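entry22.cif follows; it contains mmCIF, N, CA, C and O atoms.
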data_entry
loop_
_atom_site.label_atom_id
_atom_site.label_comp_id
_atom_site.auth_asym_id
_atom_site.auth_seq_id
_atom_site.Cartn_x
_atom_site.Cartn_y
_atom_site.Cartn_z
N MET A 1 5.79 -9.89 -9.60
CA MET A 1 6.48 -8.78 -8.97
C MET A 1 7.18 -9.28 -7.71
O MET A 1 6.62 -10.08 -6.97
N PRO A 2 8.36 -8.77 -7.43
CA PRO A 2 9.06 -9.17 -6.21
C PRO A 2 8.37 -8.58 -4.98
O PRO A 2 7.66 -7.59 -5.06
N ALA A 3 8.60 -9.21 -3.85
CA ALA A 3 8.01 -8.73 -2.60
C ALA A 3 8.55 -7.34 -2.29
O ALA A 3 9.70 -7.02 -2.59
N PRO A 4 7.72 -6.48 -1.66
CA PRO A 4 8.20 -5.15 -1.31
C PRO A 4 9.29 -5.21 -0.24
O PRO A 4 9.34 -6.13 0.57
N GLU A 5 10.17 -4.22 -0.26
CA GLU A 5 11.27 -4.14 0.70
C GLU A 5 10.89 -3.16 1.81
O GLU A 5 10.41 -2.05 1.55
N LEU A 6 11.08 -3.55 3.07
CA LEU A 6 10.84 -2.68 4.21
C LEU A 6 12.01 -1.70 4.31
O LEU A 6 13.16 -2.11 4.36
N THR A 7 11.71 -0.40 4.30
CA THR A 7 12.74 0.63 4.37
C THR A 7 12.45 1.56 5.55
O THR A 7 11.32 1.65 6.01
N GLU A 8 13.50 2.23 6.04
CA GLU A 8 13.36 3.16 7.16
C GLU A 8 13.96 4.50 6.79
O GLU A 8 14.91 4.58 6.01
N SER A 9 13.42 5.56 7.38
CA SER A 9 13.90 6.90 7.15
C SER A 9 13.45 7.78 8.30
O SER A 9 12.67 7.35 9.15
N GLU A 10 13.92 9.03 8.31
CA GLU A 10 13.42 10.01 9.26
C GLU A 10 12.35 10.83 8.57
O GLU A 10 12.48 11.17 7.39
N CYS A 11 11.30 11.15 9.31
CA CYS A 11 10.24 12.01 8.78
C CYS A 11 10.86 13.37 8.45
O CYS A 11 11.62 13.93 9.24
N ARG A 12 10.55 13.89 7.28
CA ARG A 12 11.11 15.18 6.86
C ARG A 12 10.50 16.35 7.61
O ARG A 12 11.04 17.45 7.59
N ARG A 13 9.35 16.12 8.25
CA ARG A 13 8.72 17.22 8.97
C ARG A 13 9.09 17.23 10.45
O ARG A 13 9.47 18.25 10.99
N CYS A 14 9.02 16.06 11.13
CA CYS A 14 9.21 16.06 12.59
C CYS A 14 10.42 15.25 13.05
O CYS A 14 10.76 15.28 14.22
N GLY A 15 11.08 14.51 12.16
CA GLY A 15 12.28 13.77 12.51
C GLY A 15 12.06 12.40 13.12
O GLY A 15 13.02 11.71 13.44
N THR A 16 10.83 11.96 13.26
CA THR A 16 10.53 10.64 13.81
C THR A 16 11.05 9.56 12.87
O THR A 16 10.95 9.68 11.65
N LEU A 17 11.61 8.48 13.43
CA LEU A 17 12.04 7.34 12.61
C LEU A 17 10.79 6.63 12.12
O LEU A 17 9.93 6.24 12.92
N ILE A 18 10.65 6.47 10.81
CA ILE A 18 9.47 5.84 10.23
C ILE A 18 9.90 4.71 9.30
O ILE A 18 11.01 4.71 8.78
N ALA A 19 9.03 3.76 9.10
CA ALA A 19 9.26 2.64 8.20
C ALA A 19 8.24 2.71 7.07
O ALA A 19 7.13 3.22 7.24
N GLY A 20 8.63 2.21 5.92
CA GLY A 20 7.73 2.20 4.78
C GLY A 20 8.06 1.03 3.88
O GLY A 20 8.91 0.19 4.20
N LEU A 21 7.39 0.97 2.76
CA LEU A 21 7.63 -0.07 1.77
C LEU A 21 8.22 0.56 0.52
O LEU A 21 7.65 1.50 -0.05
N ASP A 22 9.38 0.07 0.12
CA ASP A 22 10.05 0.53 -1.11
C ASP A 22 10.24 2.05 -1.14
O ASP A 22 10.09 2.68 -2.19
N GLY A 23 10.55 2.67 0.00
CA GLY A 23 10.83 4.10 0.02
C GLY A 23 9.60 4.98 0.02
O GLY A 23 9.72 6.19 -0.18
N ARG A 24 8.44 4.43 0.28
CA ARG A 24 7.22 5.23 0.38
C ARG A 24 6.84 5.29 1.86
O ARG A 24 6.70 4.25 2.50
N TYR A 25 6.69 6.51 2.38
CA TYR A 25 6.51 6.68 3.81
C TYR A 25 5.30 7.52 4.15
O TYR A 25 4.89 8.39 3.39
N ALA A 26 4.76 7.28 5.35
CA ALA A 26 3.72 8.10 5.96
C ALA A 26 4.02 8.14 7.45
O ALA A 26 4.18 7.10 8.08
N CYS A 27 4.12 9.34 8.02
CA CYS A 27 4.44 9.50 9.44
C CYS A 27 3.17 9.47 10.26
O CYS A 27 2.25 10.28 10.04
N GLY A 28 3.10 8.57 11.22
CA GLY A 28 1.94 8.47 12.09
C GLY A 28 1.92 9.52 13.18
O GLY A 28 0.91 9.69 13.85
N VAL A 29 3.01 10.26 13.36
CA VAL A 29 3.08 11.28 14.40
C VAL A 29 2.56 12.62 13.89
O VAL A 29 1.67 13.22 14.49
N CYS A 30 3.08 13.10 12.75
CA CYS A 30 2.68 14.42 12.26
C CYS A 30 1.82 14.38 10.99
O CYS A 30 1.28 15.39 10.57
N GLY A 31 1.72 13.20 10.34
CA GLY A 31 0.87 13.07 9.16
C GLY A 31 1.57 13.32 7.83
O GLY A 31 0.95 13.27 6.78
N TRP A 32 2.90 13.59 7.86
CA TRP A 32 3.63 13.82 6.61
C TRP A 32 3.64 12.55 5.77
O TRP A 32 3.75 11.44 6.27
N VAL A 33 3.51 12.70 4.44
CA VAL A 33 3.55 11.58 3.50
C VAL A 33 4.43 12.00 2.33
O VAL A 33 4.29 13.11 1.81
N ASN A 34 5.37 11.13 1.91
CA ASN A 34 6.15 11.48 0.73
C ASN A 34 5.38 11.10 -0.53
O ASN A 34 4.44 10.30 -0.50
N ASP A 35 5.78 11.70 -1.64
CA ASP A 35 5.10 11.45 -2.91
C ASP A 35 5.39 10.03 -3.40
O ASP A 35 6.50 9.51 -3.22
N HIS A 36 4.41 9.41 -4.01
CA HIS A 36 4.57 8.03 -4.48
C HIS A 36 5.71 7.88 -5.48
O HIS A 36 6.33 6.83 -5.58
N SER A 37 6.02 8.95 -6.20
CA SER A 37 7.08 8.88 -7.21
C SER A 37 8.47 8.76 -6.59
O SER A 37 9.44 8.45 -7.29
N GLU A 38 8.61 8.98 -5.28
CA GLU A 38 9.90 8.88 -4.62
C GLU A 38 10.25 7.45 -4.23
O GLU A 38 11.32 7.20 -3.69
N GLY A 39 9.38 6.50 -4.49
CA GLY A 39 9.63 5.11 -4.15
C GLY A 39 10.77 4.52 -4.95
O GLY A 39 11.19 5.06 -5.98
N HIS A 40 11.29 3.38 -4.50
CA HIS A 40 12.43 2.73 -5.14
C HIS A 40 12.05 1.94 -6.38
O HIS A 40 12.90 1.62 -7.19
N ARG A 41 10.80 1.55 -6.50
CA ARG A 41 10.33 0.79 -7.67
C ARG A 41 9.03 1.38 -8.17
O ARG A 41 8.33 2.06 -7.43
N ARG A 42 8.70 1.07 -9.38
CA ARG A 42 7.41 1.54 -9.91
C ARG A 42 6.28 0.80 -9.21
O ARG A 42 6.45 -0.35 -8.77
N LEU A 43 5.14 1.44 -9.10
CA LEU A 43 3.97 0.79 -8.51
C LEU A 43 3.34 -0.12 -9.56
O LEU A 43 3.37 0.19 -10.76
N PRO A 44 2.75 -1.23 -9.15
CA PRO A 44 2.12 -2.12 -10.13
C PRO A 44 0.87 -1.47 -10.73
O PRO A 44 0.20 -0.67 -10.09
N ARG A 45 0.59 -1.83 -11.97
CA ARG A 45 -0.64 -1.38 -12.62
C ARG A 45 -1.81 -2.21 -12.09
O ARG A 45 -1.62 -3.29 -11.52
N ALA A 46 -3.01 -1.72 -12.27
CA ALA A 46 -4.20 -2.42 -11.78
C ALA A 46 -4.30 -3.83 -12.38
O ALA A 46 -4.66 -4.77 -11.68
N ASP A 47 -3.94 -3.99 -13.66
CA ASP A 47 -4.06 -5.32 -14.27
C ASP A 47 -2.98 -6.28 -13.78
O ASP A 47 -3.03 -7.46 -14.06
N GLU A 48 -2.00 -5.78 -13.03
CA GLU A 48 -0.98 -6.65 -12.43
C GLU A 48 -1.35 -7.07 -11.00
O GLU A 48 -0.65 -7.85 -10.39
N ASP A 49 -2.46 -6.56 -10.49
CA ASP A 49 -2.90 -6.88 -9.14
C ASP A 49 -3.43 -8.31 -9.11
O ASP A 49 -4.37 -8.64 -9.82
N PRO A 50 -2.83 -9.19 -8.29
CA PRO A 50 -3.31 -10.58 -8.26
C PRO A 50 -4.72 -10.71 -7.68
O PRO A 50 -5.39 -11.71 -7.91
N ASP A 51 -5.20 -9.69 -6.97
CA ASP A 51 -6.55 -9.73 -6.39
C ASP A 51 -7.60 -9.08 -7.29
O ASP A 51 -8.76 -8.99 -6.91
N LEU A 52 -7.19 -8.61 -8.46
CA LEU A 52 -8.12 -7.99 -9.38
C LEU A 52 -9.15 -9.02 -9.84
O LEU A 52 -8.78 -10.09 -10.33
N PRO A 53 -10.45 -8.74 -9.65
CA PRO A 53 -11.46 -9.71 -10.11
C PRO A 53 -11.40 -9.87 -11.63
O PRO A 53 -11.35 -8.89 -12.36
N ARG A 54 -11.33 -11.07 -12.08
CA ARG A 54 -11.29 -11.37 -13.51
C ARG A 54 -12.72 -11.44 -14.05
O ARG A 54 -13.65 -11.75 -13.31
N PRO A 55 -12.90 -11.17 -15.33
CA PRO A 55 -14.23 -11.26 -15.92
C PRO A 55 -14.85 -12.63 -15.65
O PRO A 55 -14.19 -13.65 -15.78
N GLY A 56 -16.10 -12.64 -15.24
CA GLY A 56 -16.80 -13.89 -14.98
C GLY A 56 -16.62 -14.43 -13.57
O GLY A 56 -17.27 -15.38 -13.19
N ARG A 57 -15.74 -13.82 -12.79
CA ARG A 57 -15.53 -14.26 -11.41
C ARG A 57 -16.27 -13.33 -10.47
O ARG A 57 -16.30 -12.13 -10.66
N ARG A 58 -16.87 -13.92 -9.45
CA ARG A 58 -17.51 -13.11 -8.43
C ARG A 58 -16.46 -12.66 -7.42
O ARG A 58 -15.54 -13.41 -7.11
N PRO A 59 -16.62 -11.45 -6.87
CA PRO A 59 -15.68 -11.04 -5.83
C PRO A 59 -15.86 -11.91 -4.59
O PRO A 59 -16.95 -12.45 -4.36
N PRO A 60 -14.82 -12.07 -3.78
CA PRO A 60 -14.96 -12.91 -2.58
C PRO A 60 -15.96 -12.32 -1.60
O PRO A 60 -16.13 -11.10 -1.52
N LYS A 61 -16.65 -13.18 -0.88
CA LYS A 61 -17.63 -12.74 0.10
C LYS A 61 -16.88 -12.28 1.35
O LYS A 61 -16.01 -12.98 1.87
N LEU A 62 -17.20 -11.08 1.81
CA LEU A 62 -16.54 -10.51 2.97
C LEU A 62 -17.31 -10.84 4.24
O LEU A 62 -18.54 -10.98 4.20
N PRO A 63 -16.62 -10.94 5.38
CA PRO A 63 -17.34 -11.17 6.63
C PRO A 63 -18.19 -9.96 6.98
O PRO A 63 -17.91 -8.85 6.53
N PRO A 64 -19.25 -10.13 7.80
CA PRO A 64 -20.10 -9.00 8.13
C PRO A 64 -19.32 -7.93 8.91
O PRO A 64 -18.41 -8.24 9.68
N GLY A 65 -19.69 -6.67 8.70
CA GLY A 65 -19.06 -5.57 9.40
C GLY A 65 -19.61 -5.45 10.82
O GLY A 65 -20.50 -6.20 11.23
N PRO A 66 -19.11 -4.49 11.59
CA PRO A 66 -19.53 -4.36 12.98
C PRO A 66 -21.00 -3.96 13.15
O PRO A 66 -21.61 -4.25 14.18
N ASP A 67 -21.59 -3.31 12.12
CA ASP A 67 -22.99 -2.89 12.21
C ASP A 67 -23.95 -3.89 11.60
O ASP A 67 -25.16 -3.66 11.59
N GLU A 68 -23.42 -5.00 11.08
CA GLU A 68 -24.26 -5.99 10.41
C GLU A 68 -24.39 -7.24 11.27
O GLU A 68 -23.41 -7.72 11.84
N ALA A 69 -25.59 -7.75 11.35
CA ALA A 69 -25.82 -9.01 12.08
C ALA A 69 -25.41 -10.17 11.19
O ALA A 69 -25.64 -10.14 9.98
N PRO A 70 -24.80 -11.23 11.76
CA PRO A 70 -24.46 -12.39 10.92
C PRO A 70 -25.72 -13.05 10.37
O PRO A 70 -26.75 -13.06 11.02
N ALA A 71 -25.58 -13.57 9.17
CA ALA A 71 -26.74 -14.21 8.50
C ALA A 71 -27.01 -15.58 9.04
O ALA A 71 -26.25 -16.29 9.55
#
Could you write out this structure as structure tokens?
Amino acid sequence: MPAPELTESECRRCGTLIAGLDGRYACGVCGWVNDHSEGHRRLPRADEDPDLPRPGRRPPKLPPGPDEAPA
């Protein structure tokens, strides 16, 4: 899949200039979000996700969270 394109628009609710990926937006000022179907390209399917764990592979080990003591 090609890299996503950074796009800009005005929020339909409050008029703030917002940026998104491939025409998908979320306004950090008023909370408005456009529908995913309004994007410029189709969203990838789960099996197209390069980070999808493959059968027989263990998921990567994550660093400890803020409430966990390091091992």
Tell me, in Å to one decimal, how far atom O of Arg41 in chain A is from atom N of Cys27 in chain A.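 Separation of atom O of Arg41 in chain A and atom N of Cys27 in chain A: 17.6 Å.
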Evaluating the PyMOL selection byres (((chain A and resi 3-20 and name CA) around 9) and name CA) on the displayed file yields which residues, as a ChimeraX atom specification? /A:1-2,21-34,41
DSSP on the backbone: what in chain A comes out helix (DSSP H, G or I), as a count of residues only? 6
What does the distance from atom C of Asp47 in chain A to atom N of Pro60 in chain A come to in Å, to one decimal?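 For atom C of Asp47 in chain A relative to atom N of Pro60 in chain A, the distance reads 16.5 Å.
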Per DSSP on the backbone, what are the strand (DSSP E) residues of chain A, as a PyMOL selection string? chain A and resi 6-10+17-21
Any idea what the distance is between atom C of Leu43 in chain A and atom N of Pro63 in chain A?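 Separation of atom C of Leu43 in chain A and atom N of Pro63 in chain A: 27.2 Å.
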